[in-house]
Each structure stands twice: as structure tokens, then as C-alpha cells.
$ cat final_20.txt   # compact mmCIF, C-alpha atoms
# COMPACT_ATOMS: atom_id res chain seq x y z
CA MET I 255 113.73 165.45 103.77
CA PRO I 256 110.41 167.20 103.12
CA VAL I 257 108.64 163.83 103.25
CA ALA I 258 110.24 163.04 106.61
CA THR I 259 109.22 166.44 107.90
CA VAL I 260 105.62 165.85 106.89
CA GLU I 261 105.50 162.47 108.61
CA ILE I 262 106.87 163.84 111.86
CA SER I 263 104.45 166.72 111.86
CA SER I 264 101.45 164.43 111.26
CA GLN I 265 102.53 162.12 114.07
CA GLN I 266 102.87 165.05 116.44
CA SER I 267 99.39 166.28 115.48
CA GLN I 268 97.91 162.88 116.28
CA GLU I 269 99.65 162.82 119.66
CA SER I 270 98.34 166.30 120.41
CA GLN I 271 94.76 165.26 119.58
CA GLN I 272 94.91 161.98 121.55
CA PRO I 273 94.14 163.48 125.04
CA PHE I 274 91.01 165.19 123.70
CA ALA I 275 89.88 161.98 122.05
CA MET I 276 90.33 159.99 125.27
CA VAL I 277 88.25 162.52 127.28
CA HIS I 278 85.58 162.53 124.60
CA ASN I 279 85.52 158.74 124.58
CA ASP I 280 85.18 158.53 128.36
CA ARG I 281 82.13 160.78 128.24
CA ARG I 282 80.60 158.66 125.50
CA VAL I 283 81.24 155.48 127.49
CA ARG I 284 79.59 156.85 130.63
CA ARG I 285 76.62 158.08 128.62
CA LYS I 286 76.35 154.70 126.96
CA ARG I 287 76.48 152.86 130.29
CA SER I 288 73.69 155.03 131.71
CA LYS I 289 71.51 154.38 128.68
CA LYS I 290 72.23 150.64 128.82
CA SER I 291 71.37 150.41 132.52
CA ALA I 292 68.08 152.18 131.86
CA ALA I 293 67.29 149.84 128.99
CA GLN I 294 68.21 146.76 131.04
CA GLY I 295 65.99 147.86 133.92
CA ALA I 296 63.08 148.28 131.57
CA ALA I 297 63.77 144.85 130.08
CA ALA I 298 63.88 143.19 133.51
CA ASN I 299 60.55 144.71 134.53
CA SER I 300 58.82 143.74 131.29
CA TRP I 301 58.87 140.30 129.73
CA ALA I 302 59.14 141.64 126.18
CA ALA I 303 62.59 140.30 125.35
CA LYS I 304 62.38 141.20 121.70
CA SER I 305 61.63 144.88 122.25
CA SER I 306 64.40 145.22 124.84
CA LYS I 307 66.86 143.60 122.48
CA GLU I 308 65.92 146.04 119.70
CA ALA I 309 66.24 148.98 122.09
CA ARG I 310 69.73 147.90 123.09
CA ARG I 311 70.64 147.59 119.43
CA GLY I 312 69.30 151.13 118.75
CA ASP I 313 71.27 152.63 121.62
CA GLU I 314 74.41 150.87 120.53
CA ALA I 315 73.90 152.16 116.98
CA CYS I 316 73.45 155.74 118.18
CA VAL I 317 76.47 155.68 120.42
CA SER I 318 78.65 153.99 117.83
CA GLY I 319 77.41 156.38 115.08
CA ALA I 320 78.22 159.47 117.13
CA ALA I 321 81.59 158.39 118.46
CA GLY I 322 82.68 155.87 115.86
CA ARG I 323 85.25 158.18 114.31
CA ASP I 324 86.79 159.00 117.67
CA PHE I 325 86.95 155.29 118.62
CA ARG I 326 88.73 154.47 115.42
CA ALA I 327 91.17 157.31 116.03
CA SER I 328 92.03 155.98 119.50
CA GLY I 329 93.00 152.53 118.17
CA GLY I 330 89.88 150.64 119.23
CA ASP I 331 91.00 149.86 122.79
CA GLU I 332 88.02 151.52 124.37
CA LEU I 333 85.71 149.62 121.99
CA GLU I 334 87.00 146.29 123.25
CA ASN I 335 86.52 147.36 126.86
CA ASN I 336 83.01 148.51 126.03
CA ASN I 337 82.17 145.16 124.45
CA ASN I 338 83.40 143.33 127.54
CA VAL I 339 81.22 145.53 129.73
CA GLU I 340 78.24 144.83 127.45
CA GLU I 341 78.76 141.06 127.66
CA ASN I 342 79.00 141.19 131.46
CA ASP I 343 75.82 143.25 131.72
CA LYS I 344 74.02 140.85 129.36
CA GLY I 345 75.12 137.86 131.44
CA ASN I 346 73.90 139.52 134.63
CA ASN I 347 70.57 140.25 132.95
CA ASN I 348 70.19 136.59 131.94
CA ASN I 349 71.03 135.41 135.45
CA SER I 350 68.48 137.79 136.97
CA SER I 351 65.79 136.63 134.54
CA ASN I 352 66.60 132.96 135.22
CA SER I 353 66.47 133.51 138.96
CA SER I 354 63.12 135.30 138.65
CA SER I 355 61.69 132.53 136.47
CA ASN I 356 62.97 129.80 138.82
CA GLY I 357 61.62 131.52 141.88
CA GLY I 358 58.61 129.23 142.13
CA ARG I 359 60.79 126.15 141.82
CA SER I 360 63.21 127.30 144.50
CA ASN I 361 60.34 128.04 146.86
CA SER I 362 58.83 124.63 146.21
CA CYS I 363 62.15 122.92 146.87
CA SER I 364 62.72 124.70 150.19
CA SER I 365 61.41 123.01 153.33
CA ASP I 366 61.04 124.05 157.01
CA GLY I 367 61.31 127.72 156.14
CA GLU I 368 64.74 127.33 154.55
CA SER I 369 65.43 129.17 151.30
CA GLU I 370 67.50 126.64 149.38
CA VAL I 371 67.97 126.68 145.64
CA CYS I 372 67.37 123.18 144.28
CA SER I 373 69.27 122.80 141.04
CA GLU I 374 69.38 119.66 138.95
CA LYS I 375 73.10 119.14 139.35
CA ASP I 376 72.79 119.40 143.15
CA GLN I 377 70.27 116.56 143.24
CA PRO I 378 71.78 113.04 143.60
CA LEU I 379 71.62 110.75 140.59
CA GLN I 380 69.44 107.67 140.98
CA HIS I 381 70.71 104.41 139.52
CA ASP I 382 68.70 101.29 138.85
CA GLU I 383 71.41 99.24 140.48
CA GLY I 384 70.74 98.49 144.12
CA LEU I 385 67.15 99.75 144.12
CA ALA I 386 65.49 96.33 144.12
CA GLU I 387 62.71 95.49 146.53
CA PRO I 388 63.64 93.82 149.81
CA VAL I 389 63.96 90.07 149.51
CA SER I 390 61.95 88.02 151.99
CA LEU I 391 59.60 85.05 152.30
CA THR I 392 56.10 85.27 153.67
CA ASP I 393 54.80 83.06 156.45
CA GLU I 394 52.44 81.34 154.03
CA SER I 395 55.33 80.38 151.72
CA ILE I 396 57.31 78.99 154.65
CA ALA I 397 54.27 76.97 155.79
CA ARG I 398 53.83 75.51 152.31
CA LEU I 399 57.53 74.67 152.13
CA ILE I 400 57.26 72.77 155.40
CA GLU I 401 54.27 70.88 154.02
CA LEU I 402 56.21 69.97 150.87
CA LEU I 403 59.14 68.77 152.97
CA ALA I 404 56.78 66.43 154.81
CA ARG I 405 55.56 64.89 151.51
CA GLU I 406 58.96 64.78 149.85
CA PRO I 407 60.18 61.32 151.07
CA ASP I 408 56.95 59.59 150.01
CA TYR I 409 56.93 60.75 146.39
CA HIS I 410 60.59 61.10 145.46
CA PRO I 411 61.85 57.98 143.62
CA LYS I 412 65.22 56.44 144.48
CA THR I 413 66.72 56.02 141.03
CA ASP I 414 70.36 55.49 141.95
CA PHE I 415 70.08 51.76 141.14
CA LEU I 416 69.72 52.57 137.43
CA PHE I 417 73.47 53.22 137.25
CA ARG I 418 74.15 49.60 138.29
CA ILE I 419 71.95 48.00 135.62
CA ASN I 420 73.38 46.47 132.48
CA SER I 421 70.68 47.00 129.88
CA ALA I 422 72.12 44.55 127.35
CA SER I 423 72.33 41.55 129.70
CA GLU I 424 69.43 42.20 132.05
CA ASP I 425 66.95 43.55 129.46
CA LYS I 426 65.96 46.41 131.75
CA VAL I 427 65.94 50.16 131.51
CA ASP I 428 69.15 51.76 132.76
CA ALA I 429 70.12 55.39 133.42
CA ARG I 430 71.10 56.07 129.81
CA LEU I 431 67.78 54.85 128.37
CA ARG I 432 65.84 56.74 130.99
CA ASP I 433 67.69 60.00 130.19
CA GLU I 434 67.12 59.48 126.46
CA ALA I 435 63.37 58.97 126.93
CA ILE I 436 62.96 62.07 129.17
CA TYR I 437 65.11 64.13 126.80
CA ASN I 438 62.81 63.29 123.88
CA LEU I 439 59.79 63.91 126.09
CA ARG I 440 61.02 67.45 126.72
CA PHE I 441 60.89 68.20 122.98
CA LEU I 442 57.34 66.83 122.94
CA HIS I 443 56.50 69.11 125.85
CA LYS I 444 57.86 72.12 123.97
CA PHE I 445 55.69 71.19 120.98
CA TYR I 446 52.46 71.07 122.98
CA ASN I 447 53.49 74.09 125.08
CA LEU I 448 51.74 72.93 128.23
CA SER I 449 52.49 74.15 131.75
CA PRO I 450 55.82 73.32 133.42
CA GLU I 451 53.95 71.39 136.12
CA CYS I 452 52.84 68.93 133.45
CA PHE I 453 56.42 68.06 132.52
CA ALA I 454 57.55 67.87 136.16
CA HIS I 455 54.71 65.48 137.06
CA ALA I 456 55.38 63.37 133.95
CA VAL I 457 59.03 62.87 134.95
CA ASN I 458 58.02 62.01 138.49
CA ILE I 459 55.40 59.48 137.32
CA ALA I 460 57.79 57.81 134.88
CA ASP I 461 60.60 57.48 137.44
CA ARG I 462 58.31 56.13 140.13
CA PHE I 463 56.98 53.50 137.73
CA VAL I 464 60.51 52.48 136.71
CA VAL I 465 61.40 52.02 140.38
CA LYS I 466 58.38 49.78 141.02
CA VAL I 467 58.17 47.75 137.80
CA LYS I 468 60.79 46.07 135.65
CA VAL I 469 60.49 47.95 132.36
CA LYS I 470 61.99 46.64 129.16
CA PRO I 471 63.91 49.10 126.98
CA LYS I 472 61.45 48.88 124.09
CA TYR I 473 58.62 50.14 126.32
CA MET I 474 60.44 53.11 127.86
CA ALA I 475 59.36 55.62 125.19
CA CYS I 476 55.74 54.50 125.46
CA LEU I 477 55.97 54.74 129.26
CA ALA I 478 57.25 58.34 129.15
CA THR I 479 54.53 59.36 126.66
CA ALA I 480 51.79 57.75 128.75
CA ALA I 481 53.11 59.51 131.86
CA TYR I 482 52.91 62.81 130.01
CA LEU I 483 49.32 62.07 129.02
CA ILE I 484 48.41 61.30 132.65
CA ALA I 485 50.04 64.53 133.85
CA ALA I 486 48.20 66.55 131.21
CA LYS I 487 44.87 65.10 132.30
CA MET I 488 45.67 65.94 135.93
CA ILE I 489 46.68 69.59 135.39
CA GLU I 490 45.40 70.93 132.08
CA ASP I 491 41.84 71.56 130.97
CA GLN I 492 40.09 68.92 128.95
CA SER I 493 40.25 71.07 125.83
CA ASP I 494 44.07 71.07 126.07
CA TRP I 495 44.50 67.32 126.52
CA PRO I 496 46.68 65.74 123.83
CA VAL I 497 44.85 63.38 121.52
CA PRO I 498 46.31 59.85 121.88
CA GLU I 499 46.42 59.25 118.12
CA LYS I 500 48.33 62.45 117.48
CA LEU I 501 50.48 61.98 120.58
CA VAL I 502 51.66 58.56 119.38
CA CYS I 503 52.57 59.96 115.97
CA MET I 504 54.44 62.94 117.42
CA ALA I 505 56.31 60.97 120.08
CA ARG I 506 57.04 58.00 117.78
CA CYS I 507 57.04 55.78 120.82
CA GLY I 508 55.89 52.70 118.92
CA GLY I 509 52.52 50.99 119.00
CA SER I 510 49.15 52.58 118.50
CA ALA I 511 46.81 54.83 120.43
CA ASN I 512 45.26 51.75 122.08
CA ASP I 513 48.68 50.65 123.31
CA LEU I 514 49.24 54.11 124.79
CA GLU I 515 45.89 54.01 126.59
CA ARG I 516 46.63 50.52 127.94
CA MET I 517 49.98 51.77 129.26
CA GLU I 518 48.13 54.63 130.94
CA VAL I 519 45.84 52.16 132.72
CA ILE I 520 48.83 50.07 133.86
CA ILE I 521 50.56 53.11 135.33
CA ARG I 522 47.46 54.17 137.24
CA ASN I 523 47.02 50.68 138.67
CA LYS I 524 50.64 50.38 139.79
CA LEU I 525 50.74 53.81 141.37
CA ARG I 526 47.38 53.15 143.05
CA ASP I 527 45.01 56.05 143.49
CA GLN I 528 44.81 59.48 141.83
CA ARG I 529 45.76 61.24 145.05
CA CYS I 530 49.24 59.75 144.99
CA LEU I 531 49.76 61.21 141.53
CA GLU I 532 48.55 64.72 142.31
CA GLU I 533 50.23 65.23 145.70
CA ALA I 534 53.75 64.50 144.52
CA ALA I 535 56.34 67.03 145.72
CA THR I 536 58.46 67.78 142.67
CA PRO I 537 61.37 70.26 142.44
CA LEU I 538 59.11 72.63 140.54
CA HIS I 539 56.73 72.85 143.51
CA PHE I 540 59.60 74.03 145.73
CA LEU I 541 60.74 76.49 143.07
CA LEU I 542 57.23 77.94 142.75
CA GLU I 543 57.24 78.77 146.46
CA LEU I 544 60.49 80.72 145.94
CA GLN I 545 59.08 82.76 143.05
CA SER I 546 58.60 85.86 145.23
CA LEU I 547 62.37 86.10 145.69
CA PHE I 548 63.06 86.60 141.98
CA PRO I 549 63.35 90.20 140.75
CA SER I 550 61.39 89.65 137.51
CA VAL I 551 59.23 87.14 135.70
CA GLN I 552 61.92 86.63 133.06
CA ALA I 553 64.46 85.57 135.69
CA PHE I 554 62.00 83.04 137.12
CA GLN I 555 61.24 81.66 133.64
CA ARG I 556 64.96 81.13 133.02
CA ALA I 557 65.19 79.23 136.31
CA VAL I 558 62.21 77.04 135.32
CA GLY I 559 63.81 76.31 131.94
CA GLU I 560 67.04 75.26 133.61
CA LEU I 561 65.09 73.03 135.99
CA GLU I 562 63.35 71.28 133.09
CA THR I 563 66.72 70.64 131.47
CA SER I 564 68.11 69.27 134.74
CA LEU I 565 65.25 66.78 135.06
CA CYS I 566 66.49 65.08 131.88
CA SER I 567 69.43 63.67 133.85
CA VAL I 568 68.93 61.01 136.49
CA ALA I 569 72.27 62.00 138.01
CA VAL I 570 70.75 65.36 138.95
CA TYR I 571 67.24 64.17 139.73
CA GLU I 572 68.51 61.65 142.27
CA HIS I 573 69.08 64.57 144.65
CA ARG I 574 66.27 65.75 146.86
CA PRO I 575 63.74 68.02 145.13
CA CYS I 576 64.23 70.81 147.67
CA VAL I 577 68.01 70.73 147.14
CA LEU I 578 67.63 70.86 143.37
CA ALA I 579 65.18 73.77 143.53
CA LEU I 580 67.27 75.73 146.03
CA ALA I 581 70.47 75.24 144.02
CA ILE I 582 68.86 76.62 140.86
CA ALA I 583 67.19 79.49 142.73
CA ARG I 584 70.47 80.35 144.46
CA LYS I 585 72.31 80.53 141.14
CA HIS I 586 69.81 82.90 139.52
CA LEU I 587 69.22 85.04 142.61
CA LEU I 588 72.92 85.69 143.16
CA ALA I 589 73.35 86.51 139.47
CA ALA I 590 70.50 89.06 139.54
CA ALA I 591 71.19 90.53 142.99
CA GLY I 592 72.53 94.08 143.17
CA PRO I 593 74.98 95.48 145.72
CA ALA I 594 72.15 96.85 147.84
CA ASN I 595 70.20 93.61 148.33
CA ARG I 596 73.07 91.10 148.17
CA ASN I 597 73.13 90.73 151.95
CA ALA I 598 69.37 90.20 152.05
CA VAL I 599 69.62 87.44 149.43
CA ASP I 600 72.40 85.72 151.39
CA GLU I 601 70.35 85.91 154.56
CA VAL I 602 67.27 84.36 152.93
CA LEU I 603 69.36 81.59 151.37
CA SER I 604 70.93 80.78 154.72
CA GLN I 605 67.44 80.57 156.28
CA LEU I 606 66.32 78.19 153.55
CA CYS I 607 69.41 76.03 154.07
CA ASP I 608 68.55 75.78 157.76
CA LEU I 609 64.93 74.95 156.89
CA PHE I 610 65.96 72.23 154.42
CA GLN I 611 68.80 71.02 156.69
CA LEU I 612 71.44 71.58 154.04
CA SER I 613 75.01 72.81 153.98
CA SER I 614 76.71 75.13 151.53
CA ASP I 615 78.96 72.29 150.34
CA SER I 616 76.00 70.17 149.25
CA LEU I 617 74.52 73.11 147.37
CA SER I 618 77.82 73.73 145.60
CA GLU I 619 78.00 70.07 144.62
CA VAL I 620 74.51 70.10 143.16
CA ASP I 621 75.19 73.40 141.42
CA ALA I 622 78.27 71.93 139.72
CA ALA I 623 76.28 68.88 138.58
CA ILE I 624 73.50 71.07 137.19
CA SER I 625 75.94 73.29 135.32
CA GLY I 626 77.61 70.28 133.71
CA ILE I 627 74.35 68.67 132.63
CA VAL I 628 72.82 71.89 131.34
CA SER I 629 75.88 72.83 129.30
CA ARG I 630 76.02 69.35 127.79
CA LEU I 631 72.32 69.10 126.94
CA GLN I 632 71.95 72.64 125.60
CA THR I 633 74.70 72.08 123.03
CA ARG I 634 73.23 68.73 122.01
CA THR I 635 70.93 68.53 119.02
CA PRO I 636 68.30 65.83 118.58
CA ALA I 637 69.14 62.99 116.22
CA PRO I 638 67.81 63.51 112.70
CA ARG I 639 64.71 61.48 112.00
CA LEU I 640 63.24 60.39 108.71
CA LEU I 641 59.64 61.17 107.87
CA VAL I 642 57.57 58.03 108.26
CA TRP I 643 54.08 57.68 106.86
CA ALA I 644 51.66 55.63 108.96
CA VAL I 645 49.29 53.83 106.56
CA SER I 646 46.98 50.87 106.91
CA ARG I 647 47.79 47.39 105.59
CA ARG I 648 45.23 47.65 102.79
CA THR I 649 46.74 50.96 101.61
CA LEU I 650 50.22 49.51 101.83
CA VAL I 651 49.22 46.48 99.69
CA SER I 652 47.57 48.71 97.11
CA LEU I 653 50.64 50.91 96.94
CA MET I 654 52.97 47.95 96.45
CA ARG I 655 50.76 46.33 93.77
CA PRO I 656 51.74 47.43 90.24
CA SER I 657 49.00 49.26 88.41
CA ALA I 658 48.29 49.02 84.68
CA GLN I 659 47.10 52.60 84.55
CA ALA I 660 50.32 53.97 85.93
CA SER I 661 52.09 53.66 82.57
CA LEU I 662 49.27 55.48 80.77
CA LEU I 663 49.63 58.66 82.82
CA ASP I 664 51.82 61.45 81.57
CA PRO I 665 54.67 62.54 83.83
CA ILE I 666 53.95 65.57 85.96
CA ARG I 667 56.21 68.46 85.15
CA GLU I 668 57.55 70.55 87.98
CA ASP I 669 58.16 73.81 86.18
$ encode --input "final_20.txt" --output "C-alpha cells"
Amino acid sequence: MPVATVEISSQQSQESQQPFAMVHNDRRVRRKRSKKSAAQGAAANSWAAKSSKEARRGDEACVSGAAGRDFRASGGDELENNNNVEENDKGNNNNSSNSSSNGGRSNSCSSDGESEVCSEKDQPLQHDEGLAEPVSLTDESIARLIELLAREPDYHPKTDFLFRINSASEDKVDARLRDEAIYNLRFLHKFYNLSPECFAHAVNIADRFVVKVKVKPKYMACLATAAYLIAAKMIEDQSDWPVPEKLVCMARCGGSANDLERMEVIIRNKLRDQRCLEEAATPLHFLLELQSLFPSVQAFQRAVGELETSLCSVAVYEHRPCVLALAIARKHLLAAAGPANRNAVDEVLSQLCDLFQLSSDSLSEVDAAISGIVSRLQTRTPAPRLLVWAVSRRTLVSLMRPSAQASLLDPIRED
């Protein structure tokens, strides 16, 4: 009973002191708010953030040191409210400082006397997609395309008869032997790393010679190599011309360097003058005039590589050069076109179809043929070849003759 009496009396004493503590705490809170507002005003006027922060900490320490016992007696509710007020005031101070520091930027963003705040999240995001340059052809490119169309029938060979030739019975080059020779010539072209025009002219020269002259199968490799040598002499500098001796060894076309040079003279005589060789309108010439439509140099190089692969098939090269070039350009342009310039690309392609007098069905047919040939040739690997040493007859006889000194030599160890 005495213990219970003591507990009740202590509880009553705390309840009696609680109103005084609340009044005392309210005074301390108001005093603290006035001091904080004064400190925050001084901090906003001066840019010394560190000193203002220390001042706020000193005021908080004084207020908490003087009224800490009363706050603990009241249960700490007023302390939580005070902390919330402090956080709100600190956030308002940060916003005011940010607005003052961004004042120059907001004034620079405003236009026509309007006071607009330009924030980063209000500005629209810019994507790379759809920001390509407008697609169009210049008048000079169109004029050159018309000139190429005028020369196209005179220099494009009609090679469809190669499919009707039986190479075994007629002893003539057919479509399969022609494709094999041009396919091997492409690897030779990659080795010398000459310009794409060199390979395009070499294919055109070889096909035109096959159309005019009856070529035996054993001479087809030598014919393709000689055509490549003629094209290199037409386009490349003299320092970049392939040496006939080395060219024969690399191409393995049979014969010697003199045989290759004689084949070169025969081709020039059959195709008449040098002008007929240089003014040929190949598919690459049409594709070069469409280079301005491509979005990047890499995209154009991929189109040129696909064109070189397509020339290895007579089934593709029998189409008109302008059709072949437009089909390849259409495939790569539509693949690289964004949503913004897709309509412009379609419009330019329709204008080119009207200029070349083509239909969309013919382009789709050529595109399907190109895709089939490219997929088949890209997965194909060249046949393995054995290393062959080219030696003279005297050296060959001396190598085959047994030597008496050979048995006296010690074996060479390969440690």
C-alpha cells in the first residue's frame, strides 16, 4: 500500500507540472524559430555556407542545452515537431539558393520578354533515330546517270547463252566455269587490295571477250587474270600495277608471264581500242552515283562488297547494270533508313525506278537473286590448294639426280 501511494503521488506531480512544461517549451520553440530565421537570412545574403551551417549548429546546441530537460520531461513530441520545422526551413533555404544560382540560366532561356524557367527535364530528349539528313539526288548525279544509261547497251555483255553450253561436248566455257574463274579472281583482287573499279572493269572485260570469242576451258583462268591486269593498268597508278610474273604465280592460271602478256594483247585486239575499255558502264558506276544517298561510308562499303560478290554469278550479272545497282542500293538504304526519312527514301527510289524504266516487281526479283547468290558464296570456302614450287628444268634435273655427297652429310636435328 505505501508503494502504491507513492506511485500515485508521483504521477499526480508529473501531471501538475506538465502545463508549465508545455508553456515553457512553446516559448523556447518560438525563440528558436526567431533565431533560426535570422541565421537563415544571413546565410542567404552571404555565400559562406560553412559559417552559416556552424551558426545553425550553435543555435541548436544552445536551445537544446537550455530546454533539453524540459523536452525530455514532455515526452519528446515537441522535439519531433521542431525537427520537422528545421527540415522544412532547410529545404526552403536550398530552393532559394538554387533559384538564385540558376537565375542567369533562366534569364538566358527566356525569349521575347517571357520569364520561363528552362529545366533539363522540361527540355525534349533528342534521339539519333530519325535525325538523318534529307535524302535527295543532285542534278549533276541525275545527268551522269542519264549518260550511263545511254552507254549501257553498248558495253553490257549478253551472257545468257552460257547456260545453254555443254562444256564437255563443245569444249567451250559455260556459266559454271565462268563463275569459278571470277570467284577465284575476287580472292586475287582482295590480295592486291586495288580499287573496286578495277574488279568491276575486269569482270566486264572478261565477259565481253567470252561473248565475242570461243574460249576453251583451260584458258578461262588466264583470260580472267589478263583482264584484271588490263583493268589495273587502266585505273591504278603505274606503281600499283601487278607484276606479271608474280600475278601468274598468285593466280595459278597456268602458263608463264609471257603467256599472260600475249593474252593481254589478244584481248585488246578483240575489244578494239582503249576507249571501249574505259567507257564501259558497269554496275559499280551506277552505284557510285547513288553514294550521296547512303547515310555513312560504312554502309556504302557494305553495298560495294555485296556488289562484288554478286558479279561472281552470271545469273545475276545478266541483268542490266542499273537494275543490279539500284537493287543493292535499295536494300541497304531501306535497312539504314529511320522513321523520319523513310518516306524520302521511298520517294527517291520511285524516281530512280521511273528514270531507269523499272517496276517494283523486277527489283524484287533481282533482290531475291542477289540474296541467294550472296548467301551461297559467303558461306563457301575456297578449295584447299597445295603449295607448288615453280623451278626451272635445270634445277629440277639437279634435284632429281642422286648426289654422292648427300650420304656424307649429317642429319639436321630439329630440336
$ closest_atom_pairs --input "final_20.txt" --of "range 378-456 of chain I" --to "range 473-493 of chain I" --cutoff "10 Å" --atoms "only C-alpha atoms" --output "tab-separated table"
residue	atom	partner	partner_atom	distance
I:Lys426	CA	I:Met474	CA	9.5
I:Val427	CA	I:Met474	CA	7.2
I:Leu431	CA	I:Met474	CA	7.6
I:Arg432	CA	I:Met474	CA	7.2
I:Glu434	CA	I:Ala475	CA	8.8
I:Ala435	CA	I:Ala475	CA	5.5
I:Ile436	CA	I:Ala478	CA	6.8
I:Asn438	CA	I:Ala475	CA	8.5
I:Leu439	CA	I:Ala478	CA	6.8
I:Arg440	CA	I:Tyr482	CA	9.9
I:Leu442	CA	I:Thr479	CA	8.8
I:His443	CA	I:Tyr482	CA	8.4
I:Leu448	CA	I:Glu490	CA	7.7
I:Ser449	CA	I:Glu490	CA	7.8
I:Glu451	CA	I:Ile489	CA	7.5
I:Cys452	CA	I:Ala485	CA	5.2
I:Phe453	CA	I:Tyr482	CA	6.8
I:Ala454	CA	I:Ala485	CA	8.5
I:His455	CA	I:Ala485	CA	5.7
I:Ala456	CA	I:Tyr482	CA	4.7
$ atom_distance --input "final_20.txt" --atom1 "CA of Ile396 in chain I" --atom2 "CA of Ala590 in chain I"
22.4 Å
$ residues_around --input "final_20.txt" --residues "Ser550 in chain I" --least-positions-apart "4" --cutoff "12 Å" --atoms "all atoms listed in the file" --output "PyMOL selection string"
chain I and resi 386-387+545-546+554-557+586-587+590-591
$ atom_distance --input "final_20.txt" --atom1 "CA of Ala422 in chain I" --atom2 "CA of Ile627 in chain I"
24.8 Å
$ atom_distance --input "final_20.txt" --atom1 "CA of Ala397 in chain I" --atom2 "CA of Glu543 in chain I"
10.0 Å
$ closest_residue --input "final_20.txt" --among "I:Leu565, I:Ala511, I:Ile624, I:Leu391" --to "Leu544 in chain I" --atoms "only C-alpha atoms"
I:Leu391
$ residues_around --input "final_20.txt" --residues "Ile521 in chain I" --least-positions-apart "4" --cutoff "8 Å" --atoms "all atoms listed in the file" --output "tab-separated table (two decimals) with C-alpha atoms, in the frame of the given file"
chain	number	residue	atom	x	y	z
I	463	PHE	CA	56.98	53.50	137.73
I	481	ALA	CA	53.11	59.51	131.86
I	517	MET	CA	49.98	51.77	129.26
I	525	LEU	CA	50.74	53.81	141.37
$ residues_around --input "final_20.txt" --residues "Leu541 in chain I" --least-positions-apart "6" --cutoff "8 Å" --atoms "all atoms listed in the file" --output "list of chain:residue names"
I:Val558, I:Ala579, I:Leu580, I:Ala583
$ closest_residue --input "final_20.txt" --among "I:Asn458, I:Thr633, I:Ser652, I:Ser423" --to "Thr536 in chain I" --atoms "all atoms listed in the file"
I:Asn458
$ closest_residue --input "final_20.txt" --among "I:Leu547, I:Cys507, I:Leu531, I:Leu399" --to "Ala598 in chain I" --atoms "all atoms listed in the file"
I:Leu547
$ closest_residue --input "final_20.txt" --among "I:Arg516, I:Ala535, I:Val651, I:Ala404" --to "Leu609 in chain I" --atoms "only C-alpha atoms"
I:Ala404
